[in-house]
There are 2 protein chains.
Amino acid sequence: MNGFILKGDIIYSKNREELLTFPGSYLVCRDGVSEGVYRELSDMPEDLRSFKLIDLSGRLIIPGMTDLHLHAPQYGFRGLWGDMELLDWLNIHTFPEEARYAELTYAENAYKIFIKDMVITSTTRFCAFSSIHREATELLMDLTEESGLKAYIGKVNMDRNSPDYLCETTDESYEETLRWLSDTEGRHYKNVFPILTPRFIPSCTDELMKKLGELIEERGLPLQSHLSENKSEIDWVKELCPWSGCYGDAYEGFGCFGGHGNRTIMAHCVWSGDEEIGLMKKNGVYIAHSPSSNTNIASGIAPIRKYLEKGLNVGLATDMSGGTTNSIIRIMTDAISVSKLYWRLCDETKKPLTFPEAFYLATLGGGSFFGKVGSLEKGYELDAVVLDDSKLETPMDGRLSLAERLERYCYIAGDSPVEHKFVAGQKLF
Amino acid sequence: MNGFILKGDIIYSKNREELLTFPGSYLVCRDGVSEGVYRELSDMPEDLRSFKLIDLSGRLIIPGMTDLHLHAPQYGFRGLWGDMELLDWLNIHTFPEEARYAELTYAENAYKIFIKDMVITSTTRFCAFSSIHREATELLMDLTEESGLKAYIGKVNMDRNSPDYLCETTDESYEETLRWLSDTEGRHYKNVFPILTPRFIPSCTDELMKKLGELIEERGLPLQSHLSENKSEIDWVKELCPWSGCYGDAYEGFGCFGGHGNRTIMAHCVWSGDEEIGLMKKNGVYIAHSPSSNTNIASGIAPIRKYLEKGLNVGLATDMSGGTTNSIIRIMTDAISVSKLYWRLCDETKKPLTFPEAFYLATLGGGSFFGKVGSLEKGYELDAVVLDDSKLETPMDGRLSLAERLERYCYIAGDSPVEHKFVAGQKLF
């Protein structure tokens with residue numbers, strides 16, 4: 001039996017509205033899974049008390065966070081937009097840079113930087129697009145596996161409306177996908193799993209989408225893509241799939257929109273209408289809310305309050321490099337910020353996200369895509385990060401509650417490295 | 001003759017739309033003032049070449065920034081809002097904390113933290129509200145003077161609609177203001193100057209406002225206050241000053257809205273209408289644009305593009321602790337972000353701020369309130385900060401222009417400490 005005890009100021013979500021706070025308490029890990037939090041050592045079952053105690057008194061201990069959507073090969077140019085919207089930004093910045101990942105030495109250098117930086121954020125799990133290149137995708141999966149982070153990673157599919165230098169034939173795209181899946185299976189990863197990633201409907205022919213839908217039906221693979229980010233994009237999909245009721249219905253028509261137990265993530269959903277919302281609800285689709293990206297590319301503000309009211313699955317995402325930051329803590333505060341503007345400027349019936357709600361989305365909201373992940377409650381895989389707020393000096397020291405200390409840390413130090421990280425009970429640092 | 005030369009990658013604004021970039025060039029300082037930037041040592045007048053050269057090759061050298069509005073006694077609780085709007089937030093968080101500054105030992109501890117943190121940001125000049133307490137205000141001025149930062153700092157006036165524990169009588173407020181001004185004069189500060197700071201019209205009686213207006217007329221003092229931040233606040237001012245055409249006109253009625261060569265800063269201006277805009281234009285009022293604060297307290301988005309089109313004076317402000325960050329670099333990117341949402345959600349004729357525009361607002365826009373400040377051009381006071389972007393690894397290294405490196409630094413590392421700082425030619429670190 002393998003276990004340890006972390007002592008510190010522990011916080012996790014009781015539910016969407018409420019934080020549980022445990023000052024100076026004990027979080028127990030056995031075989032990678034939480035045995036729960038105890039306020040006193042003496043409250044703990046006797047067999048756990050012999051575990052090694054790691055004393056982190058005065059530090060904040062919170063669940064690891066999930067980044068539900070990002071593009072790993074875009075990491076190098078985050079923070080560069082000029083003044084572009086989605087479709088221009090893809091053609092001018094994104095596609096030329098992604099094309100470089102055909103070259104493995106370039107990809108290796110770039111992905112090592114990406115992983116090194118991800119390791120020190122609050123993220124313990126992520127879902128990533130790679131590029132169309134099978135070999136670079138496998139390399140990214142190898143590097144992620146070694147890092148100890150857990151992730152779904154996908155080889156991108158693109159067989160139309162893409163520049164020549166970054167476009168596959170339909171057969172090539174499908175064959176390379178099959179080969180990538182079989183290579184991946186052969187590597188027996190513990191931390192990394194494949195996820196189908198057609199870029200978005202404008203980049204994939206009907207034939208390719210249908211083949212991917214069949215793969216999902218055969219093998220139960222998860223899928224992630226983009227949905228209703230930008231109004232021009234939505235109009236384009238309507239032209240490309242005139243038979244569809246809405247953008248989401250186009251994915252549905254190809255068997256690529258969840259349902260039947262198949263897990264699906266759709267990034268953005270800024271402009272989803274009632275039909276699309278109904279389909280997402282029916283199929284259990286996860287929305288990857290990307291407030292930083294939606295602002296940077298001037299897409300708009302996703303109505304997250306509405307989605308929560310309807311009972312949809314929502315998690316948070318950096319969407320690098322539409323989004324700037326690699327930190328889901330920063331994305332939490334961005335999500336709150338844009339929800340305040342949505343409430344003020346768009347719909348005063350949709351009240352802003354609260355801090356506990358944003359924290360829930362960052363942890364349990366996205367974590368549940370990975371199973372029992374995103375909480376420190378007994379029975380959850382033990383993903384935890386440790387935050388040091390002692391350097392954020394304030395004359396109010398000693399007068400702040402645990403929840404206030406956490407809120408303050410997230411707003412002020414959201415982009416800072418965490419102090420320690422545990423993924424499924426494994427200490428990364 | 002006292003001077004030095006900084007060698008590095010130099011950037012400053014040519015005008016509102018355009019950045020000037022000088023890779024591996026030489027910035028010369030003589031007696032605290034810029035002698036200009038030279039691409040080669042040999043381009044430099046001979047008498048300057050003997051100055052000591054400080055080699056910062058590979059580093060970004062930019063003008064110091066101006067934070068045009070903040071509340072120093074609120075620094076301790078930045079990042080704590082719960083879910084409040086302006087008026088609740090004042091009563092629940094702000095006023096009780098500000099009241100503590102009656103106690104000098106509390107104020108000293110708090111202001112030392114504030115100044116220590118400000119020194120390492122990109123800010124070289126700021127305009128601050130203190131609290132109503134004269135002694136604590138003088139202490140803040142002493143600490144700022146010692147730090148080498150330059151600032152306008154004001155003792156706050158509040159004689160109505162304020163909690164008992166944070167409310168002056170009209171006479172007391174006026175007398176304490178006079179005493180503070182004479183104490184300040186006696187201290188012969190080099191870096192710090194007084195600025196009148198009536199909190200806002202709801203907190204100050206007509207009588208007090210008139211007396212402050214008379215002080216401005218007599219002594220030519222600058223003034224800063226708050227304007228049109230929140231709709232409930234605007235309605236309240238309309239009730240309190242039913243004779244006024246708009247909120248700005250209420251200040252104007254008391255002689256507290258600039259004009260006649262008197263300099264005035266008004267924070268926020270989220271909801272200013274045409275009459276108010278006209279008055280600000282006529283009187284040369286500076287708008288302290290505070291996007292982080294306006295978002296956090298759910299006030300809205302100030303239409304900065306409109307103000308720029310009308311030729312108004314605009315600078316940037318953290319507005320701590322309505323705003324979270326102490327970094328004007330972060331405020332630059334926040335200003336761009338909210339302007340994108342304004343364009344998308346409020347008015348598609350008002351195009352988003354560009355990166356060069358936001359940089360201009362952060363440097364020359366606010367700096368001009370202090371005189372020839374905010375540029376590295378010959379003749380400007382030499383405020384400069386040095387940024388190290390070498391740790392922000394990217395596979396695109398060597399392919400980014402100077403302007404792209406700066407944009408990337410601002411988006412990714414906006415909250416990070418700067419590497420070196422010079423204020424009017426004095427090296428702080």
# chains A, B, ... in the order shown; residues from 1 in each chain; ligands from 1
>>> select_by_dssp(residues="stretch 180-285 of chain B", states="alpha helix (DSSP H)", output="PyMOL selection string")
chain B and resi 180-186+206-219+231-240+247-253+274-283
>>> write_last_selection(atoms="N, CA and C atoms", output="tab-separated table (two decimals), in the first residue's frame")
chain	number	residue	atom	x	y	z
B	180	TRP	N	-2.51	70.13	5.23
B	180	TRP	CA	-1.76	69.15	4.42
B	180	TRP	C	-0.98	69.88	3.31
B	181	LEU	N	-1.62	70.87	2.68
B	181	LEU	CA	-0.93	71.59	1.61
B	181	LEU	C	0.26	72.37	2.16
B	182	SER	N	0.11	72.94	3.34
B	182	SER	CA	1.23	73.73	3.86
B	182	SER	C	2.33	72.80	4.37
B	183	ASP	N	1.98	71.69	5.00
B	183	ASP	CA	3.00	70.70	5.40
B	183	ASP	C	3.79	70.23	4.18
B	184	THR	N	3.06	69.94	3.12
B	184	THR	CA	3.66	69.42	1.91
B	184	THR	C	4.64	70.41	1.31
B	185	GLU	N	4.23	71.66	1.32
B	185	GLU	CA	5.09	72.72	0.80
B	185	GLU	C	6.38	72.79	1.61
B	186	GLY	N	6.23	72.64	2.94
B	186	GLY	CA	7.37	72.72	3.83
B	186	GLY	C	8.39	71.61	3.64
B	206	ASP	N	-21.93	70.39	-1.40
B	206	ASP	CA	-21.73	71.51	-2.32
B	206	ASP	C	-20.76	72.52	-1.74
B	207	GLU	N	-20.89	72.76	-0.43
B	207	GLU	CA	-20.04	73.76	0.21
B	207	GLU	C	-18.56	73.36	0.13
B	208	LEU	N	-18.30	72.12	0.43
B	208	LEU	CA	-16.92	71.64	0.37
B	208	LEU	C	-16.39	71.71	-1.07
B	209	MET	N	-17.19	71.27	-2.02
B	209	MET	CA	-16.75	71.30	-3.42
B	209	MET	C	-16.44	72.74	-3.85
B	210	LYS	N	-17.29	73.68	-3.41
B	210	LYS	CA	-17.05	75.08	-3.78
B	210	LYS	C	-15.73	75.58	-3.21
B	211	LYS	N	-15.46	75.22	-1.95
B	211	LYS	CA	-14.21	75.64	-1.31
B	211	LYS	C	-13.00	75.05	-2.06
B	212	LEU	N	-13.13	73.80	-2.48
B	212	LEU	CA	-12.02	73.19	-3.22
B	212	LEU	C	-11.84	73.89	-4.57
B	213	GLY	N	-12.99	74.25	-5.20
B	213	GLY	CA	-12.92	74.99	-6.46
B	213	GLY	C	-12.21	76.33	-6.28
B	214	GLU	N	-12.47	76.98	-5.15
B	214	GLU	CA	-11.80	78.26	-4.87
B	214	GLU	C	-10.30	78.08	-4.67
B	215	LEU	N	-9.94	76.97	-3.99
B	215	LEU	CA	-8.50	76.65	-3.79
B	215	LEU	C	-7.80	76.48	-5.13
B	216	ILE	N	-8.50	75.79	-6.05
B	216	ILE	CA	-7.93	75.60	-7.39
B	216	ILE	C	-7.72	76.94	-8.07
B	217	GLU	N	-8.72	77.82	-7.96
B	217	GLU	CA	-8.62	79.13	-8.60
B	217	GLU	C	-7.46	79.94	-8.02
B	218	GLU	N	-7.36	79.89	-6.67
B	218	GLU	CA	-6.28	80.65	-6.02
B	218	GLU	C	-4.89	80.13	-6.32
B	219	ARG	N	-4.74	78.78	-6.25
B	219	ARG	CA	-3.39	78.21	-6.23
B	219	ARG	C	-3.04	77.39	-7.47
B	231	LYS	N	-24.08	53.47	-13.59
B	231	LYS	CA	-25.34	54.17	-13.84
B	231	LYS	C	-26.07	54.60	-12.56
B	232	SER	N	-25.99	53.78	-11.50
B	232	SER	CA	-26.66	54.19	-10.25
B	232	SER	C	-25.98	55.43	-9.67
B	233	GLU	N	-24.66	55.46	-9.82
B	233	GLU	CA	-23.89	56.61	-9.33
B	233	GLU	C	-24.31	57.88	-10.09
B	234	ILE	N	-24.50	57.76	-11.40
B	234	ILE	CA	-24.88	58.93	-12.22
B	234	ILE	C	-26.27	59.43	-11.81
B	235	ASP	N	-27.19	58.49	-11.58
B	235	ASP	CA	-28.54	58.88	-11.14
B	235	ASP	C	-28.46	59.62	-9.79
B	236	TRP	N	-27.61	59.13	-8.95
B	236	TRP	CA	-27.47	59.72	-7.62
B	236	TRP	C	-26.96	61.16	-7.71
B	237	VAL	N	-25.96	61.37	-8.55
B	237	VAL	CA	-25.42	62.72	-8.74
B	237	VAL	C	-26.50	63.65	-9.29
B	238	LYS	N	-27.31	63.12	-10.19
B	238	LYS	CA	-28.42	63.92	-10.76
B	238	LYS	C	-29.37	64.37	-9.65
B	239	GLU	N	-29.63	63.47	-8.68
B	239	GLU	CA	-30.49	63.83	-7.53
B	239	GLU	C	-29.82	64.87	-6.64
B	240	LEU	N	-28.51	64.68	-6.43
B	240	LEU	CA	-27.78	65.56	-5.51
B	240	LEU	C	-27.55	66.95	-6.11
B	247	TYR	N	-23.10	64.79	-14.99
B	247	TYR	CA	-22.19	64.59	-13.85
B	247	TYR	C	-20.97	65.53	-13.98
B	248	GLY	N	-20.39	65.55	-15.17
B	248	GLY	CA	-19.23	66.42	-15.38
B	248	GLY	C	-19.58	67.89	-15.16
B	249	ASP	N	-20.79	68.26	-15.55
B	249	ASP	CA	-21.23	69.64	-15.37
B	249	ASP	C	-21.38	69.98	-13.88
B	250	ALA	N	-21.66	68.97	-13.05
B	250	ALA	CA	-21.73	69.21	-11.61
B	250	ALA	C	-20.34	69.61	-11.10
B	251	TYR	N	-19.30	68.86	-11.49
B	251	TYR	CA	-17.94	69.28	-11.13
B	251	TYR	C	-17.64	70.68	-11.66
B	252	GLU	N	-18.03	70.91	-12.91
B	252	GLU	CA	-17.80	72.21	-13.56
B	252	GLU	C	-18.43	73.34	-12.75
B	253	GLY	N	-19.65	73.08	-12.25
B	253	GLY	CA	-20.37	74.09	-11.47
B	253	GLY	C	-19.61	74.50	-10.21
B	274	ASP	N	-22.66	63.08	-24.63
B	274	ASP	CA	-22.08	64.11	-25.49
B	274	ASP	C	-21.77	65.41	-24.75
B	275	GLU	N	-22.67	65.82	-23.85
B	275	GLU	CA	-22.42	67.08	-23.13
B	275	GLU	C	-21.14	66.96	-22.30
B	276	GLU	N	-21.01	65.83	-21.61
B	276	GLU	CA	-19.85	65.61	-20.76
B	276	GLU	C	-18.57	65.54	-21.59
B	277	ILE	N	-18.67	64.84	-22.72
B	277	ILE	CA	-17.51	64.72	-23.62
B	277	ILE	C	-17.09	66.11	-24.09
B	278	GLY	N	-18.07	66.94	-24.44
B	278	GLY	CA	-17.78	68.30	-24.89
B	278	GLY	C	-17.07	69.11	-23.82
B	279	LEU	N	-17.53	68.97	-22.59
B	279	LEU	CA	-16.92	69.70	-21.47
B	279	LEU	C	-15.48	69.23	-21.23
B	280	MET	N	-15.28	67.92	-21.31
B	280	MET	CA	-13.92	67.39	-21.08
B	280	MET	C	-12.98	67.91	-22.15
B	281	LYS	N	-13.48	67.94	-23.38
B	281	LYS	CA	-12.67	68.44	-24.50
B	281	LYS	C	-12.30	69.91	-24.27
B	282	LYS	N	-13.33	70.70	-23.97
B	282	LYS	CA	-13.11	72.13	-23.78
B	282	LYS	C	-12.09	72.41	-22.67
B	283	ASN	N	-12.18	71.61	-21.59
B	283	ASN	CA	-11.37	71.89	-20.41
B	283	ASN	C	-10.06	71.11	-20.36
>>> interface_residues(of="chain A", to="chain B", cutoff="7 Å", atoms="only C-alpha atoms", output="PyMOL selection string")
chain A and resi 76+78-80+83+109-110+113+295-296+298+300+324-325+337+340-341+344-345+354+393-396+404+407-408+411-412
>>> write_last_selection(atoms="N, CA, C and O atoms", output="compact mmCIF listing (two decimals), in the first residue's frame")
# COMPACT_ATOMS: atom_id res chain seq x y z
N GLY A 76 4.12 28.68 -29.34
CA GLY A 76 5.24 29.60 -29.58
C GLY A 76 4.83 31.02 -29.90
O GLY A 76 5.59 31.95 -29.67
N ARG A 78 1.91 32.68 -28.81
CA ARG A 78 0.86 33.31 -28.00
C ARG A 78 1.26 34.77 -27.73
O ARG A 78 2.44 35.08 -27.60
N GLY A 79 0.26 35.61 -27.69
CA GLY A 79 0.54 37.02 -27.46
C GLY A 79 0.76 37.81 -28.75
O GLY A 79 1.08 38.99 -28.70
N LEU A 80 0.59 37.18 -29.89
CA LEU A 80 0.74 37.91 -31.16
C LEU A 80 -0.55 37.81 -31.98
O LEU A 80 -0.85 36.77 -32.53
N ASP A 83 -4.24 42.79 -35.20
CA ASP A 83 -5.63 43.18 -34.94
C ASP A 83 -6.57 42.30 -35.73
O ASP A 83 -7.52 42.79 -36.35
N ASN A 109 11.93 20.66 -30.32
CA ASN A 109 12.33 21.87 -29.60
C ASN A 109 11.10 22.60 -29.06
O ASN A 109 11.01 22.97 -27.89
N ALA A 110 10.11 22.79 -29.93
CA ALA A 110 8.92 23.56 -29.56
C ALA A 110 8.10 22.84 -28.48
O ALA A 110 7.66 23.45 -27.50
N ILE A 113 9.51 22.99 -24.96
CA ILE A 113 9.21 24.27 -24.29
C ILE A 113 7.77 24.26 -23.77
O ILE A 113 7.50 24.61 -22.63
N THR A 295 -12.03 36.76 -26.45
CA THR A 295 -11.79 38.20 -26.39
C THR A 295 -10.69 38.60 -27.37
O THR A 295 -10.86 39.54 -28.14
N ASN A 296 -9.58 37.88 -27.36
CA ASN A 296 -8.44 38.26 -28.21
C ASN A 296 -8.80 38.28 -29.69
O ASN A 296 -8.33 39.14 -30.43
N ALA A 298 -11.72 38.69 -30.75
CA ALA A 298 -12.94 39.49 -30.85
C ALA A 298 -14.13 38.68 -31.30
O ALA A 298 -14.97 39.13 -32.06
N GLY A 300 -16.46 37.33 -29.14
CA GLY A 300 -17.62 37.70 -28.33
C GLY A 300 -17.51 37.06 -26.96
O GLY A 300 -16.42 36.70 -26.52
N THR A 324 -4.04 33.73 -24.54
CA THR A 324 -2.66 34.10 -24.26
C THR A 324 -2.03 33.24 -23.19
O THR A 324 -0.91 32.78 -23.30
N THR A 325 -2.74 33.12 -22.09
CA THR A 325 -2.15 32.54 -20.89
C THR A 325 -2.14 31.03 -20.97
O THR A 325 -3.02 30.44 -21.60
N SER A 337 -14.62 37.79 -15.38
CA SER A 337 -14.62 39.15 -15.96
C SER A 337 -15.57 39.26 -17.14
O SER A 337 -16.40 40.17 -17.21
N LYS A 340 -19.19 39.22 -16.26
CA LYS A 340 -19.68 40.49 -15.71
C LYS A 340 -20.04 41.44 -16.86
O LYS A 340 -21.05 42.14 -16.79
N LEU A 341 -19.22 41.47 -17.89
CA LEU A 341 -19.51 42.34 -19.04
C LEU A 341 -20.74 41.83 -19.80
O LEU A 341 -21.55 42.62 -20.28
N ARG A 344 -23.69 42.97 -17.85
CA ARG A 344 -23.90 44.41 -17.94
C ARG A 344 -24.31 44.84 -19.34
O ARG A 344 -25.18 45.71 -19.51
N LEU A 345 -23.71 44.24 -20.37
CA LEU A 345 -23.87 44.77 -21.73
C LEU A 345 -24.82 43.97 -22.60
O LEU A 345 -25.35 44.49 -23.58
N THR A 354 -19.78 33.48 -10.25
CA THR A 354 -19.14 33.79 -8.97
C THR A 354 -17.77 33.12 -8.94
O THR A 354 -17.47 32.24 -9.75
N GLU A 393 2.27 40.01 -0.11
CA GLU A 393 2.10 40.70 1.18
C GLU A 393 0.86 41.59 1.21
O GLU A 393 0.54 42.25 0.23
N THR A 394 0.22 41.62 2.36
CA THR A 394 -0.91 42.53 2.56
C THR A 394 -1.01 42.86 4.04
O THR A 394 -0.76 42.00 4.89
N PRO A 395 -1.41 44.10 4.35
CA PRO A 395 -1.61 44.44 5.76
C PRO A 395 -2.82 43.71 6.35
O PRO A 395 -3.01 43.74 7.57
N MET A 396 -3.61 43.05 5.50
CA MET A 396 -4.78 42.33 5.99
C MET A 396 -4.44 40.91 6.41
O MET A 396 -5.31 40.13 6.78
N GLU A 404 -10.99 33.75 0.80
CA GLU A 404 -10.50 35.06 0.35
C GLU A 404 -9.04 34.97 -0.08
O GLU A 404 -8.64 35.59 -1.07
N GLU A 407 -9.09 33.47 -3.55
CA GLU A 407 -9.58 34.44 -4.56
C GLU A 407 -8.48 35.46 -4.87
O GLU A 407 -8.19 35.75 -6.02
N ARG A 408 -7.86 35.97 -3.81
CA ARG A 408 -6.81 36.98 -3.98
C ARG A 408 -5.63 36.41 -4.76
O ARG A 408 -5.10 37.05 -5.68
N TYR A 411 -6.55 36.12 -8.51
CA TYR A 411 -6.58 37.40 -9.23
C TYR A 411 -5.20 38.02 -9.39
O TYR A 411 -4.89 38.60 -10.41
N ILE A 412 -4.37 37.92 -8.35
CA ILE A 412 -3.09 38.63 -8.39
C ILE A 412 -1.98 37.79 -9.02
O ILE A 412 -1.12 38.30 -9.72
>>> residues_around(residues="B:Leu382", least_positions_apart="3", cutoff="7 Å", atoms="only C-alpha atoms", output="ChimeraX atom specification")
/B:29,32-34,376,423-425
>>> select_by_dssp(residues="stretch 64-193 of chain A", states="strand (DSSP E)", output="list in words")
Met65, Thr66, Asp67, Leu68, His69, Leu70, His71, Thr123, Thr124, Arg125, Phe126, Cys127, Ala128, Phe129, Lys150, Ala151, Tyr152, Ile153, Gly154, Val156, Asn157, Val192 and Phe193 of chain A
>>> write_last_selection(atoms="C-alpha atoms", output="CSV table (one decimal), in the first residue's frame")
chain,number,residue,atom,x,y,z
A,65,MET,CA,-7.1,21.9,-13.0
A,66,THR,CA,-8.1,20.8,-16.4
A,67,ASP,CA,-7.4,22.7,-19.6
A,68,LEU,CA,-10.1,21.4,-21.9
A,69,HIS,CA,-8.8,22.8,-25.2
A,70,LEU,CA,-5.5,24.1,-26.5
A,71,HIS,CA,-3.4,23.9,-29.6
A,123,THR,CA,-3.0,22.3,-14.9
A,124,THR,CA,-2.8,18.5,-14.3
A,125,ARG,CA,-4.9,17.4,-17.3
A,126,PHE,CA,-5.4,18.8,-20.7
A,127,CYS,CA,-7.0,18.1,-24.1
A,128,ALA,CA,-4.8,19.3,-27.0
A,129,PHE,CA,-4.8,19.6,-30.7
A,150,LYS,CA,-2.3,13.5,-18.2
A,151,ALA,CA,-3.8,14.4,-21.6
A,152,TYR,CA,-6.0,13.6,-24.5
A,153,ILE,CA,-4.0,14.6,-27.7
A,154,GLY,CA,-5.1,14.5,-31.3
A,156,VAL,CA,-5.4,17.1,-36.6
A,157,ASN,CA,-7.5,16.4,-39.8
A,192,VAL,CA,-1.9,10.0,-22.6
A,193,PHE,CA,-4.8,9.0,-24.8
>>> residues_around(residues="A:Pro63", least_positions_apart="2", cutoff="6 Å", atoms="only C-alpha atoms", output="list of chain:residue names")
A:Gly374, A:Ser375, A:Asp383, A:Ala384
>>> write_last_selection(atoms="N, CA and C atoms", output="PDB file, in the first residue's frame")
ATOM      1  N   GLY A 374     -10.872  16.207 -10.266  1.00  0.00           N
ATOM      2  CA  GLY A 374     -11.209  17.619 -10.076  1.00  0.00           C
ATOM      3  C   GLY A 374     -11.668  17.941  -8.670  1.00  0.00           C
ATOM      4  N   SER A 375     -11.604  16.948  -7.788  1.00  0.00           N
ATOM      5  CA  SER A 375     -11.989  17.178  -6.397  1.00  0.00           C
ATOM      6  C   SER A 375     -10.960  16.500  -5.496  1.00  0.00           C
ATOM      7  N   ASP A 383      -5.285  14.589  -7.906  1.00  0.00           N
ATOM      8  CA  ASP A 383      -4.572  15.669  -8.592  1.00  0.00           C
ATOM      9  C   ASP A 383      -4.620  16.868  -7.649  1.00  0.00           C
ATOM     10  N   ALA A 384      -3.460  17.380  -7.259  1.00  0.00           N
ATOM     11  CA  ALA A 384      -3.460  18.538  -6.354  1.00  0.00           C
ATOM     12  C   ALA A 384      -2.317  19.467  -6.713  1.00  0.00           C
TER      13      ALA A 384
END
>>> atom_distance(atom1="atom CA of B:Tyr360", atom2="atom CA of B:Lys14")
8.7 Å
>>> atom_distance(atom1="atom CA of B:Phe4", atom2="atom CA of B:Ser327")
27.0 Å
>>> residues_around(residues="A:His133", least_positions_apart="2", cutoff="7 Å", atoms="only C-alpha atoms", output="MDAnalysis selection string")
chainID A and resid 101:102 131 135:137 155
>>> write_last_selection(atoms="all heavy atoms", output="PDB file, in the first residue's frame")
ATOM      1  N   TYR A 101       5.714  22.002 -38.150  1.00  0.00           N
ATOM      2  CA  TYR A 101       5.771  20.780 -37.334  1.00  0.00           C
ATOM      3  C   TYR A 101       5.897  19.515 -38.174  1.00  0.00           C
ATOM      4  O   TYR A 101       5.925  18.402 -37.650  1.00  0.00           O
ATOM      5  CB  TYR A 101       4.575  20.741 -36.363  1.00  0.00           C
ATOM      6  CG  TYR A 101       4.771  21.761 -35.250  1.00  0.00           C
ATOM      7  CD1 TYR A 101       4.635  23.125 -35.512  1.00  0.00           C
ATOM      8  CD2 TYR A 101       5.148  21.376 -33.975  1.00  0.00           C
ATOM      9  CE1 TYR A 101       4.850  24.073 -34.524  1.00  0.00           C
ATOM     10  CE2 TYR A 101       5.367  22.320 -32.979  1.00  0.00           C
ATOM     11  CZ  TYR A 101       5.219  23.660 -33.266  1.00  0.00           C
ATOM     12  OH  TYR A 101       5.451  24.590 -32.283  1.00  0.00           O
ATOM     13  N   ALA A 102       5.972  19.699 -39.500  1.00  0.00           N
ATOM     14  CA  ALA A 102       6.353  18.581 -40.371  1.00  0.00           C
ATOM     15  C   ALA A 102       7.787  18.150 -40.052  1.00  0.00           C
ATOM     16  O   ALA A 102       8.159  16.996 -40.229  1.00  0.00           O
ATOM     17  CB  ALA A 102       6.253  19.009 -41.832  1.00  0.00           C
ATOM     18  N   SER A 131      -0.855  19.036 -34.631  1.00  0.00           N
ATOM     19  CA  SER A 131      -1.009  19.511 -36.016  1.00  0.00           C
ATOM     20  C   SER A 131      -1.408  18.296 -36.858  1.00  0.00           C
ATOM     21  O   SER A 131      -1.684  17.223 -36.323  1.00  0.00           O
ATOM     22  CB  SER A 131       0.301  20.112 -36.514  1.00  0.00           C
ATOM     23  OG  SER A 131       1.326  19.135 -36.435  1.00  0.00           O
ATOM     24  N   GLU A 135       3.859  12.144 -36.992  1.00  0.00           N
ATOM     25  CA  GLU A 135       5.074  11.915 -36.198  1.00  0.00           C
ATOM     26  C   GLU A 135       5.221  12.949 -35.085  1.00  0.00           C
ATOM     27  O   GLU A 135       5.568  12.603 -33.953  1.00  0.00           O
ATOM     28  CB  GLU A 135       6.310  11.941 -37.105  1.00  0.00           C
ATOM     29  CG  GLU A 135       6.446  10.677 -37.917  1.00  0.00           C
ATOM     30  CD  GLU A 135       7.639  10.775 -38.868  1.00  0.00           C
ATOM     31  OE1 GLU A 135       7.543  11.587 -39.815  1.00  0.00           O
ATOM     32  OE2 GLU A 135       8.623  10.073 -38.649  1.00  0.00           O
ATOM     33  N   ALA A 136       4.965  14.205 -35.416  1.00  0.00           N
ATOM     34  CA  ALA A 136       5.077  15.247 -34.384  1.00  0.00           C
ATOM     35  C   ALA A 136       4.024  15.017 -33.302  1.00  0.00           C
ATOM     36  O   ALA A 136       4.266  15.276 -32.114  1.00  0.00           O
ATOM     37  CB  ALA A 136       4.922  16.629 -35.010  1.00  0.00           C
ATOM     38  N   THR A 137       2.853  14.519 -33.692  1.00  0.00           N
ATOM     39  CA  THR A 137       1.800  14.241 -32.709  1.00  0.00           C
ATOM     40  C   THR A 137       2.254  13.146 -31.748  1.00  0.00           C
ATOM     41  O   THR A 137       2.077  13.254 -30.526  1.00  0.00           O
ATOM     42  CB  THR A 137       0.508  13.812 -33.419  1.00  0.00           C
ATOM     43  OG1 THR A 137       0.151  14.813 -34.369  1.00  0.00           O
ATOM     44  CG2 THR A 137      -0.623  13.618 -32.426  1.00  0.00           C
ATOM     45  N   LYS A 155      -4.127  14.053 -33.391  1.00  0.00           N
ATOM     46  CA  LYS A 155      -3.590  14.418 -34.696  1.00  0.00           C
ATOM     47  C   LYS A 155      -4.706  15.151 -35.435  1.00  0.00           C
ATOM     48  O   LYS A 155      -5.827  14.649 -35.549  1.00  0.00           O
ATOM     49  CB  LYS A 155      -3.223  13.143 -35.458  1.00  0.00           C
ATOM     50  CG  LYS A 155      -2.685  13.388 -36.864  1.00  0.00           C
ATOM     51  CD  LYS A 155      -3.163  12.306 -37.825  1.00  0.00           C
ATOM     52  CE  LYS A 155      -3.175  12.753 -39.274  1.00  0.00           C
ATOM     53  NZ  LYS A 155      -3.676  14.073 -39.617  1.00  0.00           N
TER      54      LYS A 155
END
